[in-house]
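Novice: What follows is run_20.pdb, made up of PDB, C-alpha atoms:
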```
ATOM      1  CA  MET A 481      96.104  32.368  23.939
ATOM      2  CA  ALA A 482      93.866  35.377  24.647
ATOM      3  CA  LEU A 483      90.702  33.277  24.755
ATOM      4  CA  PHE A 484      92.421  30.740  26.994
ATOM      5  CA  LEU A 485      93.295  33.499  29.473
ATOM      6  CA  ILE A 486      89.751  34.882  29.421
ATOM      7  CA  ASP A 487      88.213  31.430  29.863
ATOM      8  CA  SER A 488      90.662  30.616  32.662
ATOM      9  CA  LEU A 489      89.878  33.810  34.567
ATOM     10  CA  MET A 490      86.133  33.299  34.126
ATOM     11  CA  SER A 491      86.456  29.669  35.240
ATOM     12  CA  ALA A 492      88.353  30.770  38.335
ATOM     13  CA  SER A 493      85.653  33.340  39.083
ATOM     14  CA  ILE A 494      82.778  30.869  38.787
ATOM     15  CA  LEU A 495      84.626  28.379  40.999
ATOM     16  CA  CYS A 496      85.168  31.118  43.585
ATOM     17  CA  PHE A 497      81.512  32.203  43.458
ATOM     18  CA  TYR A 498      80.201  28.668  43.974
ATOM     19  CA  SER A 499      82.794  27.977  46.674
ATOM     20  CA  GLY A 500      81.694  31.161  48.407
ATOM     21  CA  TYR A 501      78.068  30.131  48.112
ATOM     22  CA  PHE A 502      78.728  26.759  49.725
ATOM     23  CA  LEU A 503      80.888  28.321  52.450
ATOM     24  CA  ARG A 504      78.265  30.923  53.423
ATOM     25  CA  LYS A 505      76.996  28.907  56.415
ATOM     26  CA  LYS A 506      80.313  27.357  57.481
ATOM     27  CA  SER A 507      82.700  30.298  57.484
ATOM     28  CA  LEU A 508      81.757  33.876  56.760
ATOM     29  CA  LYS A 509      85.446  34.771  56.490
ATOM     30  CA  TRP A 510      86.078  32.244  53.709
ATOM     31  CA  HIS A 511      82.765  33.151  52.070
ATOM     32  CA  ARG A 512      83.974  36.740  51.763
ATOM     33  CA  ILE A 513      87.464  35.807  50.595
ATOM     34  CA  SER A 514      86.139  33.396  47.992
ATOM     35  CA  ASN A 515      83.533  35.780  46.603
ATOM     36  CA  LEU A 516      85.882  38.776  46.529
ATOM     37  CA  SER A 517      88.396  36.585  44.694
ATOM     38  CA  GLY A 518      85.654  35.751  42.185
ATOM     39  CA  VAL A 519      84.948  39.455  41.705
ATOM     40  CA  PHE A 520      88.666  40.085  41.174
ATOM     41  CA  PHE A 521      89.005  37.305  38.567
ATOM     42  CA  ASN A 522      85.859  38.443  36.778
ATOM     43  CA  LEU A 523      86.871  42.100  36.659
ATOM     44  CA  THR A 524      90.368  41.164  35.489
ATOM     45  CA  ALA A 525      88.889  39.126  32.627
ATOM     46  CA  ALA A 526      86.410  41.891  31.773
ATOM     47  CA  VAL A 527      89.071  44.611  31.657
ATOM     48  CA  TYR A 528      91.348  42.375  29.564
ATOM     49  CA  LEU A 529      88.529  41.494  27.168
ATOM     50  CA  LEU A 530      87.278  45.059  26.777
ATOM     51  CA  SER A 531      90.773  46.451  26.303
ATOM     52  CA  MET A 532      91.442  43.876  23.569
ATOM     53  CA  LYS A 533      88.176  44.752  21.873
ATOM     54  CA  TYR A 534      88.287  48.540  22.079
ATOM     55  CA  LEU A 535      91.930  49.525  22.604
ATOM     56  CA  PHE A 536      94.055  46.914  20.873
ATOM     57  CA  GLY A 537      92.477  46.310  17.467
ATOM     58  CA  GLY A 538      89.490  44.097  18.177
ATOM     59  CA  LEU A 539      89.033  40.495  19.177
ATOM     60  CA  GLU A 540      89.878  39.126  15.733
ATOM     61  CA  GLU A 541      93.367  40.642  16.012
ATOM     62  CA  HIS A 542      93.862  38.382  19.021
ATOM     63  CA  SER A 543      92.470  35.263  17.295
ATOM     64  CA  VAL A 544      89.113  35.365  19.099
ATOM     65  CA  PHE A 545      86.158  34.791  16.782
ATOM     66  CA  SER A 546      82.445  34.460  17.364
ATOM     67  CA  ALA A 547      80.845  31.131  16.508
ATOM     68  CA  ALA A 548      77.301  32.502  16.378
ATOM     69  CA  PRO A 549      75.385  35.207  14.541
ATOM     70  CA  GLN A 550      76.022  38.749  15.698
ATOM     71  CA  TYR A 551      72.601  39.183  17.329
ATOM     72  CA  ILE A 552      73.344  36.180  19.601
ATOM     73  CA  ILE A 553      76.645  37.793  20.582
ATOM     74  CA  HIS A 554      74.800  41.030  21.416
ATOM     75  CA  ILE A 555      72.321  39.122  23.595
ATOM     76  CA  HIS A 556      75.235  37.417  25.368
ATOM     77  CA  ARG A 557      76.947  40.777  25.960
ATOM     78  CA  PHE A 558      73.742  42.328  27.284
ATOM     79  CA  TRP A 559      73.255  39.588  29.877
ATOM     80  CA  ALA A 560      76.977  39.668  30.707
ATOM     81  CA  ALA A 561      76.633  43.391  31.456
ATOM     82  CA  VAL A 562      73.571  42.718  33.637
ATOM     83  CA  ALA A 563      75.499  39.993  35.496
ATOM     84  CA  LEU A 564      78.446  42.369  35.954
ATOM     85  CA  VAL A 565      76.256  45.044  37.521
ATOM     86  CA  MET A 566      74.581  42.437  39.734
ATOM     87  CA  MET A 567      77.989  41.126  40.790
ATOM     88  CA  LEU A 568      79.090  44.605  41.826
ATOM     89  CA  VAL A 569      75.839  45.228  43.726
ATOM     90  CA  MET A 570      76.241  41.860  45.454
ATOM     91  CA  ALA A 571      79.812  42.721  46.422
ATOM     92  CA  TYR A 572      78.690  46.102  47.754
ATOM     93  CA  SER A 573      75.739  44.642  49.666
ATOM     94  CA  GLY A 574      77.961  41.948  51.137
ATOM     95  CA  ILE A 575      80.656  44.382  52.217
ATOM     96  CA  LYS A 576      78.088  46.774  53.719
ATOM     97  CA  ARG A 577      76.258  43.828  55.319
ATOM     98  CA  LYS A 578      72.926  44.541  53.660
ATOM     99  CA  ARG A 579      71.923  40.925  54.068
ATOM    100  CA  LYS A 580      68.359  41.038  52.727
ATOM    101  CA  LEU A 581      69.428  42.546  49.399
ATOM    102  CA  HIS A 582      72.490  40.305  49.208
ATOM    103  CA  VAL A 583      70.488  37.119  49.766
ATOM    104  CA  LYS A 584      67.771  38.115  47.265
ATOM    105  CA  LEU A 585      70.326  38.907  44.574
ATOM    106  CA  HIS A 586      72.213  35.637  44.821
ATOM    107  CA  PHE A 587      69.109  33.704  43.730
ATOM    108  CA  VAL A 588      69.259  35.527  40.393
ATOM    109  CA  PHE A 589      72.985  36.205  40.084
ATOM    110  CA  LEU A 590      74.385  32.677  40.339
ATOM    111  CA  PRO A 591      72.121  31.122  37.662
ATOM    112  CA  LEU A 592      72.519  34.153  35.379
ATOM    113  CA  TYR A 593      76.303  34.213  35.758
ATOM    114  CA  THR A 594      76.465  30.476  35.130
ATOM    115  CA  LEU A 595      74.454  30.836  31.901
ATOM    116  CA  VAL A 596      76.580  33.746  30.704
ATOM    117  CA  TYR A 597      79.762  31.821  31.542
ATOM    118  CA  ALA A 598      78.628  28.646  29.771
ATOM    119  CA  SER A 599      77.345  30.492  26.719
ATOM    120  CA  GLY A 600      80.643  32.381  26.446
ATOM    121  CA  LEU A 601      82.512  29.085  26.298
ATOM    122  CA  PHE A 602      80.453  28.043  23.287
ATOM    123  CA  LEU A 603      79.992  31.380  21.524
ATOM    124  CA  PHE A 604      83.664  32.219  21.086
ATOM    125  CA  GLN A 605      86.421  30.245  19.399
ATOM    126  CA  SER A 606      90.107  30.758  18.976
ATOM    127  CA  TYR A 607      92.291  29.596  16.129
ATOM    128  CA  PRO A 608      95.475  30.993  14.649
ATOM    129  CA  VAL A 609      95.235  33.649  11.963
ATOM    130  CA  ARG A 610      97.321  32.863   8.897
TER     131      ARG A 610
END
```
Give the structure from the file, written as structure tokens.
Specialist:
Amino acid sequence: MALFLIDSLMSASILCFYSGYFLRKKSLKWHRISNLSGVFFNLTAAVYLLSMKYLFGGLEEHSVFSAAPQYIIHIHRFWAAVALVMMLVMAYSGIKRKRKLHVKLHFVFLPLYTLVYASGLFLFQSYPVR
């Protein structure tokens, strides 16, 4: 159930980010709403995931297991952290209307976030602990 919630929140965030990207020329209002919703979903998933890992006994206690060697998981977490920082900088630059920085970042952020999202779907599994 925990992995389903994480995957659902991350899926909602990626849908919001791509919707926001495609709405950028049509409606700035909906671009902002969509992207800020994506940030909200992503941060909610990140806080939930990190609290499970560090506050509530670890991921295995919640039936979330890695399906890859540990060094692959560390690489995934590194790039997820980079994408998180980029997401926050993009949100800040969008809110403060620093367009040049915002536009430059989206060329890197969207592909990176997509790769992190897709790899997370494959790197983690959930099955009941008996």
Novice: Just checking: using all atoms listed in the file, which residue out of A:Ala492, A:Leu601, A:Ala563, A:Val588 ends up closest to Phe521 in chain A?
Specialist: A:Ala492
Novice: Near range 589-596 of chain A, within 12 Å and counting only C-alpha atoms, which residues show up once chain neighbours fewer than 5 positions away are dropped, as an MDAnalysis selection string?
Specialist: chainID A and resid 487 490:491 493:502 515 518:519 522 552:571 581:584 601:603
Novice: If you measure from CA of Phe545 in chain A to CA of Ser606 in chain A, what distance in Å do you get, rounded to one decimal?
Specialist: 6.1 Å
Novice: If the PyMOL selection byres ((chain A and resi 540) around 12) is run on the structure shown, which residues does it catch, given as a list of chain:residue names?
Specialist: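 So the PyMOL selection byres ((chain A and resi 540) around 12), applied here, picks out A:Ala482, A:Leu483, A:Leu529, A:Met532, A:Lys533, A:Tyr534, A:Phe536, A:Gly537, A:Gly538, A:Leu539, A:Glu541, A:His542, A:Ser543, A:Val544, A:Phe545, A:Ser546, A:Phe604, A:Gln605, A:Ser606, A:Tyr607, A:Pro608, A:Val609, A:Arg610.
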Novice: Write the residues of the selection above to a file with C-alpha atoms, as a short mmCIF file (atom, residue, chain, number, x, y, z; two decimals), keeping the file's coordinate frame.
Specialist:
```cif
data_model
loop_
_atom_site.label_atom_id
_atom_site.label_comp_id
_atom_site.auth_asym_id
_atom_site.auth_seq_id
_atom_site.Cartn_x
_atom_site.Cartn_y
_atom_site.Cartn_z
CA ALA A 482 93.87 35.38 24.65
CA LEU A 483 90.70 33.28 24.76
CA LEU A 529 88.53 41.49 27.17
CA MET A 532 91.44 43.88 23.57
CA LYS A 533 88.18 44.75 21.87
CA TYR A 534 88.29 48.54 22.08
CA PHE A 536 94.06 46.91 20.87
CA GLY A 537 92.48 46.31 17.47
CA GLY A 538 89.49 44.10 18.18
CA LEU A 539 89.03 40.49 19.18
CA GLU A 541 93.37 40.64 16.01
CA HIS A 542 93.86 38.38 19.02
CA SER A 543 92.47 35.26 17.30
CA VAL A 544 89.11 35.36 19.10
CA PHE A 545 86.16 34.79 16.78
CA SER A 546 82.44 34.46 17.36
CA PHE A 604 83.66 32.22 21.09
CA GLN A 605 86.42 30.24 19.40
CA SER A 606 90.11 30.76 18.98
CA TYR A 607 92.29 29.60 16.13
CA PRO A 608 95.48 30.99 14.65
CA VAL A 609 95.24 33.65 11.96
CA ARG A 610 97.32 32.86 8.90
#
```
Novice: What separation in Å, quoted to one decimal, exists between CA of Lys505 in chain A and CA of Ala598 in chain A?
Specialist: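 Separation of CA of Lys505 in chain A and CA of Ala598 in chain A: 26.7 Å.
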Novice: Determine the nearest neighbour of Ser599 in chain A from the options A:Ser517, A:Met481, A:Lys506, A:Ala548, counting all atoms listed in the file.
Specialist: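 For Ser599 in chain A, the nearest of the given residues is A:Ala548.
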Novice: Could you write out as AutoDock Vina command-line options the box around range 593-597 of chain A (axis-aligned, all atoms listed in the file, 6 Å on each side), with centre and edge lengths in Å to one decimal?
Specialist:
```
--center_x 77.1 --center_y 32.3 --center_z 33.2 --size_x 17.3 --size_y 15.7 --size_z 17.1
```
Novice: I'd like to know which of A:Leu489, A:Gly574, A:Arg504, A:Pro549 is closest to Thr524 in chain A, using only C-alpha atoms.
Specialist: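 Among A:Leu489, A:Gly574, A:Arg504, A:Pro549, it is A:Leu489 that comes nearest to Thr524 in chain A.
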Novice: Distance CA of Leu503 in chain A-CA of Ile486 in chain A, one decimal place?
Specialist: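 One can read the CA of Leu503 in chain A to CA of Ile486 in chain A distance as 25.5 Å.
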Novice: Using only C-alpha atoms, which residue out of A:Leu585, A:Leu535, A:Ile575, A:Leu523 lies closest to His511 in chain A?
Specialist: A:Ile575
